[in-house]
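Data file: run-v8.cif. Format and content: mmCIF, C-alpha atoms.
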data_run
loop_
_atom_site.label_atom_id
_atom_site.label_comp_id
_atom_site.auth_asym_id
_atom_site.auth_seq_id
_atom_site.Cartn_x
_atom_site.Cartn_y
_atom_site.Cartn_z
CA MET H 1 0.00 0.00 0.00
CA ASP H 2 1.16 3.48 -0.83
CA PRO H 3 2.47 5.15 2.37
CA LYS H 4 0.57 8.33 1.47
CA HIS H 5 -2.64 6.34 1.10
CA LEU H 6 -2.01 4.58 4.44
CA LYS H 7 -1.37 7.90 6.14
CA PHE H 8 -4.61 9.24 4.69
CA LEU H 9 -6.60 6.24 5.99
CA LEU H 10 -5.07 6.51 9.45
CA SER H 11 -5.82 10.21 9.54
CA LYS H 12 -9.40 9.54 8.51
CA HIS H 13 -9.87 6.89 11.20
CA LEU H 14 -8.34 9.13 13.86
CA LYS H 15 -10.66 11.97 12.92
CA TYR H 16 -13.66 9.66 13.25
CA PHE H 17 -12.33 8.36 16.56
CA TYR H 18 -12.02 11.87 17.96
CA PHE H 19 -15.43 12.76 16.53
CA GLN H 20 -17.01 9.88 18.48
CA ILE H 21 -15.33 11.03 21.69
CA GLU H 22 -16.60 14.56 21.11
CA LEU H 23 -20.15 13.30 20.52
CA PHE H 24 -20.07 11.30 23.75
CA LEU H 25 -18.70 14.20 25.81
CA HIS H 26 -21.24 16.56 24.21
CA PHE H 27 -24.07 14.24 25.23
CA ILE H 28 -23.00 13.50 28.80
CA GLY H 29 -21.70 17.00 29.42
CA THR H 30 -24.77 18.93 28.24
CA ASN H 31 -27.58 16.33 28.35
CA SER H 32 -28.64 17.41 24.87
CA PHE H 33 -31.37 15.58 22.99
CA TYR H 34 -30.22 13.37 20.15
CA HIS H 35 -32.01 15.52 17.58
CA VAL H 36 -30.28 18.65 18.93
CA MET H 37 -26.90 16.95 18.54
CA ARG H 38 -27.92 15.90 15.03
CA ASP H 39 -28.67 19.49 14.09
CA ALA H 40 -25.48 20.76 15.75
CA ARG H 41 -23.01 18.13 14.51
CA GLY H 42 -24.53 16.45 11.45
CA PRO H 43 -24.95 12.70 12.12
CA SER H 44 -28.38 11.13 12.38
CA THR H 45 -30.03 10.50 15.74
CA HIS H 46 -29.43 6.77 15.29
CA THR H 47 -25.73 7.41 14.74
CA VAL H 48 -25.55 9.62 17.83
CA HIS H 49 -27.26 6.91 19.90
CA ARG H 50 -24.94 4.21 18.56
CA VAL H 51 -21.80 6.27 19.13
CA VAL H 52 -22.75 7.28 22.69
CA HIS H 53 -23.19 3.69 23.78
CA ARG H 54 -20.17 2.43 21.83
CA VAL H 55 -17.90 4.95 23.52
CA SER H 56 -19.48 4.28 26.92
CA LYS H 57 -18.76 0.54 26.60
CA ALA H 58 -15.18 1.27 25.59
CA ILE H 59 -14.61 3.58 28.55
CA ASN H 60 -16.12 1.08 30.97
CA THR H 61 -13.45 -1.49 30.13
CA LEU H 62 -11.15 0.73 32.23
CA LYS H 63 -13.24 0.45 35.39
CA ALA H 64 -11.15 -2.19 37.17
CA ASP H 65 -7.98 -0.15 36.68
CA VAL H 66 -9.41 3.32 37.37
CA VAL H 67 -12.20 2.91 39.95
CA CYS H 68 -10.23 1.20 42.71
CA TRP H 69 -8.20 1.81 45.84
CA PRO H 70 -4.63 3.03 45.22
CA GLU H 71 -2.01 0.32 44.87
CA ASP H 72 -0.11 1.97 47.72
CA CYS H 73 -2.51 2.85 50.57
CA SER H 74 0.24 3.67 53.06
CA LYS H 75 -0.54 7.40 52.96
CA LEU H 76 -4.30 7.08 52.68
CA ALA H 77 -5.08 7.17 56.41
CA LYS H 78 -2.89 10.25 56.91
CA SER H 79 -4.57 12.06 54.01
CA PHE H 80 -7.97 11.48 55.60
CA PHE H 81 -6.66 12.32 59.06
CA ASP H 82 -5.40 15.68 57.81
CA LEU H 83 -8.95 16.60 56.78
CA SER H 84 -10.59 16.55 60.22
CA GLY H 85 -8.57 14.34 62.54
CA PHE H 86 -10.41 11.01 62.14
CA PRO H 87 -7.99 8.04 62.32
CA LEU H 88 -7.67 4.92 60.15
CA VAL H 89 -10.11 6.02 57.43
CA ALA H 90 -9.80 4.25 54.06
CA GLY H 91 -12.83 5.84 52.40
CA CYS H 92 -16.15 7.61 52.86
CA LEU H 93 -19.29 5.86 51.73
CA ASP H 94 -22.64 7.28 50.64
CA GLY H 95 -25.38 7.02 48.03
CA THR H 96 -26.82 9.50 45.57
CA HIS H 97 -29.88 9.34 43.35
CA ILE H 98 -29.40 9.87 39.61
CA THR H 99 -32.66 10.66 37.85
CA ILE H 100 -33.49 8.40 34.91
CA THR H 101 -36.37 7.57 32.57
CA PRO H 102 -37.90 4.41 34.08
CA PRO H 103 -38.77 1.32 32.03
CA ALA H 104 -42.48 1.07 31.26
CA ASN H 105 -42.74 -2.51 32.55
CA ASP H 106 -41.25 -1.79 36.00
CA GLU H 107 -41.79 1.91 36.65
CA ILE H 108 -42.69 1.55 40.35
CA SER H 109 -39.32 0.04 41.31
CA TYR H 110 -37.53 3.24 40.33
CA VAL H 111 -39.65 5.62 42.44
CA ASN H 112 -37.45 6.89 45.27
CA ARG H 113 -38.41 8.57 48.56
CA HIS H 114 -38.51 11.93 46.74
CA HIS H 115 -41.20 10.50 44.41
CA THR H 116 -38.95 10.73 41.34
CA HIS H 117 -37.47 7.96 39.21
CA SER H 118 -33.81 7.22 39.79
CA LEU H 119 -30.95 4.82 40.25
CA ASN H 120 -29.52 4.62 43.78
CA VAL H 121 -25.78 4.89 43.22
CA LEU H 122 -23.38 3.76 45.96
CA ALA H 123 -19.85 5.15 46.01
CA VAL H 124 -16.77 5.18 48.23
CA CYS H 125 -14.69 8.34 47.93
CA GLY H 126 -11.06 9.17 48.64
CA PRO H 127 -9.63 12.34 50.21
CA ASP H 128 -8.91 13.85 46.78
CA LEU H 129 -12.57 13.30 45.67
CA SER H 130 -11.68 10.32 43.48
CA ILE H 131 -14.00 7.31 43.60
CA PHE H 132 -12.61 4.04 44.98
CA TYR H 133 -15.77 1.95 44.57
CA LEU H 134 -18.99 2.34 42.57
CA ASN H 135 -22.26 0.43 42.35
CA ALA H 136 -24.91 1.82 39.98
CA ASN H 137 -27.13 -1.24 39.58
CA HIS H 138 -30.00 -0.62 41.98
CA PRO H 139 -33.31 1.20 41.36
CA GLY H 140 -34.21 4.25 43.43
CA ARG H 141 -36.73 2.38 45.55
CA CYS H 142 -33.94 0.43 47.27
CA HIS H 143 -32.76 1.66 50.67
CA ASP H 144 -29.12 2.72 50.95
CA ALA H 145 -28.38 -0.11 53.38
CA HIS H 146 -29.95 -2.66 51.03
CA VAL H 147 -27.78 -1.44 48.16
CA LEU H 148 -24.71 -1.86 50.37
CA ARG H 149 -25.66 -5.37 51.54
CA GLN H 150 -26.14 -6.53 47.94
CA SER H 151 -22.87 -5.05 46.72
CA SER H 152 -19.48 -6.64 46.10
CA LEU H 153 -18.10 -4.14 48.63
CA TRP H 154 -20.11 -5.85 51.40
CA ARG H 155 -18.90 -9.27 50.33
CA SER H 156 -15.30 -8.11 50.22
CA PHE H 157 -15.23 -6.24 53.55
CA GLU H 158 -17.82 -8.15 55.59
CA LEU H 159 -17.51 -11.73 54.39
CA ASP H 160 -13.95 -11.94 53.07
CA GLY H 161 -12.39 -9.55 55.58
CA ASN H 162 -10.48 -7.55 52.96
CA ARG H 163 -9.11 -4.13 53.95
CA PRO H 164 -7.03 -1.55 52.03
CA PHE H 165 -4.66 -1.55 55.04
CA PRO H 166 -4.74 -3.16 58.52
CA GLY H 167 -7.42 -1.72 60.79
CA ALA H 168 -8.96 0.36 57.99
CA VAL H 169 -12.51 1.64 58.37
CA LEU H 170 -15.04 3.31 56.09
CA LEU H 171 -17.28 6.16 57.25
CA GLY H 172 -21.00 6.17 56.48
CA ASP H 173 -24.05 8.07 57.71
CA SER H 174 -26.77 6.65 59.93
CA ALA H 175 -28.59 5.09 56.97
CA TYR H 176 -25.99 2.31 57.05
CA PRO H 177 -25.51 -0.43 59.65
CA LEU H 178 -22.66 -0.18 62.11
CA ARG H 179 -20.00 -2.78 61.35
CA GLN H 180 -16.42 -3.35 62.45
CA TRP H 181 -15.24 -1.86 59.14
CA LEU H 182 -18.06 0.71 58.68
CA LEU H 183 -18.39 3.38 61.36
CA THR H 184 -21.51 5.52 61.71
CA PRO H 185 -22.09 8.58 63.90
CA PHE H 186 -23.58 8.39 67.40
CA GLY H 187 -27.28 9.17 67.54
CA GLY H 188 -28.82 12.16 69.26
CA ASP H 189 -26.80 15.22 70.21
CA PRO H 190 -23.81 13.78 72.10
CA GLU H 191 -21.24 15.83 73.96
CA GLY H 192 -17.64 15.27 74.99
CA ALA H 193 -15.70 12.57 73.17
CA LYS H 194 -18.77 11.37 71.27
CA GLY H 195 -19.50 14.89 70.14
CA ARG H 196 -15.93 15.36 68.90
CA TYR H 197 -16.15 11.96 67.19
CA ASN H 198 -19.34 13.02 65.39
CA VAL H 199 -17.88 16.35 64.27
CA ALA H 200 -14.74 14.72 62.86
CA HIS H 201 -16.87 11.96 61.29
CA ILE H 202 -19.21 14.40 59.53
CA ARG H 203 -16.44 16.71 58.33
CA THR H 204 -14.42 13.80 56.97
CA ARG H 205 -17.41 12.15 55.33
CA ASN H 206 -18.24 15.41 53.55
CA VAL H 207 -15.71 14.50 50.84
CA VAL H 208 -18.11 12.01 49.27
CA GLU H 209 -20.85 14.67 49.05
CA ARG H 210 -18.36 17.03 47.43
CA ALA H 211 -17.32 14.30 45.01
CA PHE H 212 -20.94 13.80 43.94
CA GLY H 213 -21.19 17.55 43.39
CA VAL H 214 -18.06 17.66 41.24
CA ILE H 215 -19.15 14.68 39.12
CA LYS H 216 -22.59 16.18 38.51
CA SER H 217 -20.96 19.50 37.67
CA ARG H 218 -18.66 17.83 35.14
CA PHE H 219 -21.45 15.76 33.54
CA PHE H 220 -24.71 17.66 33.43
CA ALA H 221 -26.68 14.58 32.37
CA LEU H 222 -26.16 13.13 35.85
CA LYS H 223 -27.51 16.28 37.51
CA THR H 224 -30.54 16.90 35.31
CA GLY H 225 -31.51 13.30 34.58
CA ILE H 226 -30.42 10.65 32.07
CA ARG H 227 -32.95 10.37 29.26
CA LEU H 228 -32.37 6.72 28.40
CA LYS H 229 -35.18 4.17 28.46
CA ASP H 230 -32.93 1.27 29.49
CA PRO H 231 -31.72 1.49 33.14
CA ALA H 232 -28.76 -0.75 32.27
CA GLN H 233 -27.59 1.80 29.69
CA ALA H 234 -28.09 4.60 32.21
CA SER H 235 -25.99 2.64 34.70
CA GLN H 236 -23.23 2.22 32.13
CA LEU H 237 -23.29 5.96 31.44
CA ILE H 238 -22.87 6.70 35.17
CA ILE H 239 -19.90 4.34 35.35
CA SER H 240 -18.34 6.08 32.35
CA ALA H 241 -18.74 9.46 34.03
CA VAL H 242 -17.03 8.24 37.21
CA ILE H 243 -14.15 6.72 35.24
CA LEU H 244 -13.61 10.01 33.40
CA HIS H 245 -13.90 11.90 36.70
CA ASN H 246 -11.11 9.76 38.22
CA LEU H 247 -8.93 10.24 35.15
CA CYS H 248 -9.45 13.99 35.35
CA ILE H 249 -8.25 13.98 38.97
CA ARG H 250 -5.22 11.84 38.07
CA PHE H 251 -4.19 14.42 35.50
CA GLY H 252 -4.71 17.41 37.78
CA ASP H 253 -8.25 18.55 36.93
CA LYS H 254 -10.01 18.81 40.30
CA GLY H 255 -13.28 20.01 38.78
CA GLN H 256 -15.80 22.52 40.06
CA GLU H 257 -18.24 21.85 42.86
CA LEU H 258 -21.90 22.72 42.44
CA ASP H 259 -22.87 25.83 44.38
CA ASP H 260 -26.36 24.50 45.03
CA THR H 261 -25.34 21.01 46.17
CA ASP H 262 -27.58 19.97 49.04
CA ILE H 263 -25.59 17.42 51.00
CA THR H 264 -28.66 16.42 53.02
CA ASP H 265 -30.51 15.38 49.86
CA ASP H 266 -28.72 12.05 49.75
CA LEU H 267 -29.01 11.24 53.44
CA ASP H 268 -31.49 8.83 54.95
CA THR H 269 -31.88 8.73 58.71
CA ASP H 270 -33.66 5.36 58.82
CA ARG H 271 -31.24 3.03 60.59
CA ASP H 272 -31.10 -0.52 59.26
CA GLU H 273 -30.61 -2.50 62.45
CA ASP H 274 -30.19 -6.26 62.67
CA PRO H 275 -33.54 -7.67 63.96
CA GLU H 276 -31.85 -10.24 66.19
CA PRO H 277 -28.17 -10.02 67.23
CA GLU H 278 -26.51 -13.33 66.44
CA LEU H 279 -24.10 -14.77 69.00
CA GLN H 280 -20.39 -14.65 68.22
CA GLU H 281 -17.25 -15.29 70.17
CA GLY H 282 -16.60 -12.36 72.48
CA GLY H 283 -20.23 -11.20 72.73
CA THR H 284 -23.15 -10.55 70.42
CA ALA H 285 -22.60 -9.25 66.91
CA THR H 286 -23.86 -5.85 68.00
CA GLU H 287 -21.41 -5.72 70.90
CA ILE H 288 -18.50 -6.68 68.63
CA ARG H 289 -19.39 -3.95 66.14
CA GLU H 290 -19.84 -1.36 68.88
CA ARG H 291 -16.49 -2.34 70.36
CA ARG H 292 -14.72 -1.18 67.21
CA ARG H 293 -16.38 2.22 67.36
CA THR H 294 -15.47 2.48 71.03
CA GLN H 295 -11.83 1.83 70.18
CA ILE H 296 -11.87 4.75 67.74
CA LEU H 297 -13.76 6.85 70.31
CA GLN H 298 -10.82 6.57 72.70
CA PHE H 299 -8.83 8.70 70.30
CA PHE H 300 -11.22 11.60 70.98
CA GLN H 301 -10.92 11.39 74.78
CA ARG H 302 -9.34 14.49 76.33
#
What's the structure tokens form of this structure?
Amino acid sequence: MDPKHLKFLLSKHLKYFYFQIELFLHFIGTNSFYHVMRDARGPSTHTVHRVVHRVSKAINTLKADVVCWPEDCSKLAKSFFDLSGFPLVAGCLDGTHITITPPANDEISYVNRHHTHSLNVLAVCGPDLSIFYLNANHPGRCHDAHVLRQSSLWRSFELDGNRPFPGAVLLGDSAYPLRQWLLTPFGGDPEGAKGRYNVAHIRTRNVVERAFGVIKSRFFALKTGIRLKDPAQASQLIISAVILHNLCIRFGDKGQELDDTDITDDLDTDRDEDPEPELQEGGTATEIRERRRTQILQFFQR
């Protein structure tokens, strides 16, 4: 083949490659309708639809390498500690609702407590607002604690005993169950050491709310609602957005937080308690879980 002809073909393919990336970013960044993108960029609505999902699938192949804990977690606890003085933190956990168009055959499952249709997205965030873990598979009707219990994160931390580093804990709000590896705040309005624990807990956990704000600011489709009829495709689009968010942080783009982010919007105060504490060596399951929080509480004694 003539080298000039080969160079021309490669150039043509590269241009189409970049064009597909631009279409995808246009869609997820502005939440434009397909027909608006057709009028603005030229391709048919079917081509826009095909390209958006093709690029999303390609990006999602990077999930295992991009949405994960750092290979070296030795400095992770110190980075979290520098935020508000809470020790041994390996991540902050929370859920957020991403509005979607529900499927006609199962619309009720996607109605959340705000009476809108959504996916309940679970994420664990790092101190730099990057996402360490993501689950975007559950409809909005599911409680935050249910999403956690059905996730691979639960199986890894609760059943397999995996930790990013020895003694590591995650921080979650009172919607989640207290576990040895998942610490929640004390109820009521505590004072003294418990009060200081709660303040440090809340201030540290705020990073995950800020991360949600930055991601929704980067990708307007996640803030205003994903107009896709298939929840599985909407889930894949959310995963793509988080992967791109993490890559942006890796390359120095910290993003812009939403000014109107309401951090209480994603909180649920309904505690998911175990109905009957099962017996384990060293006391009941509840006592064992509470013991871990008490160990951390000693750090706040003055």
Expansion of the PyMOL selection byres ((chain H and resi 198) around 12) into residues, as a PyMOL selection string: chain H and resi 84-86+171-174+183-197+199-205+293+296-297+300
Translate the PyMOL selection byres ((chain H and resi 25) around 12) into a concrete residue list for this structure, as a PyMOL selection string. chain H and resi 18-24+26-32+37+48+51-53+55-56+59+218-221+237+240-241+244
Identify the residues within 6 Å of coordinate (-33.1, 7.1, 38.6) (same frame as the file), considering all atoms listed in the file, and give the answer as a PyMOL selection string. chain H and resi 98-100+117-119+140
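Distance annotation: of H:Val111, H:Val121, H:Leu76, H:Leu129, the residue with the minimal separation from Arg141 (chain H) is H:Val111; atom set is all atoms listed in the file.
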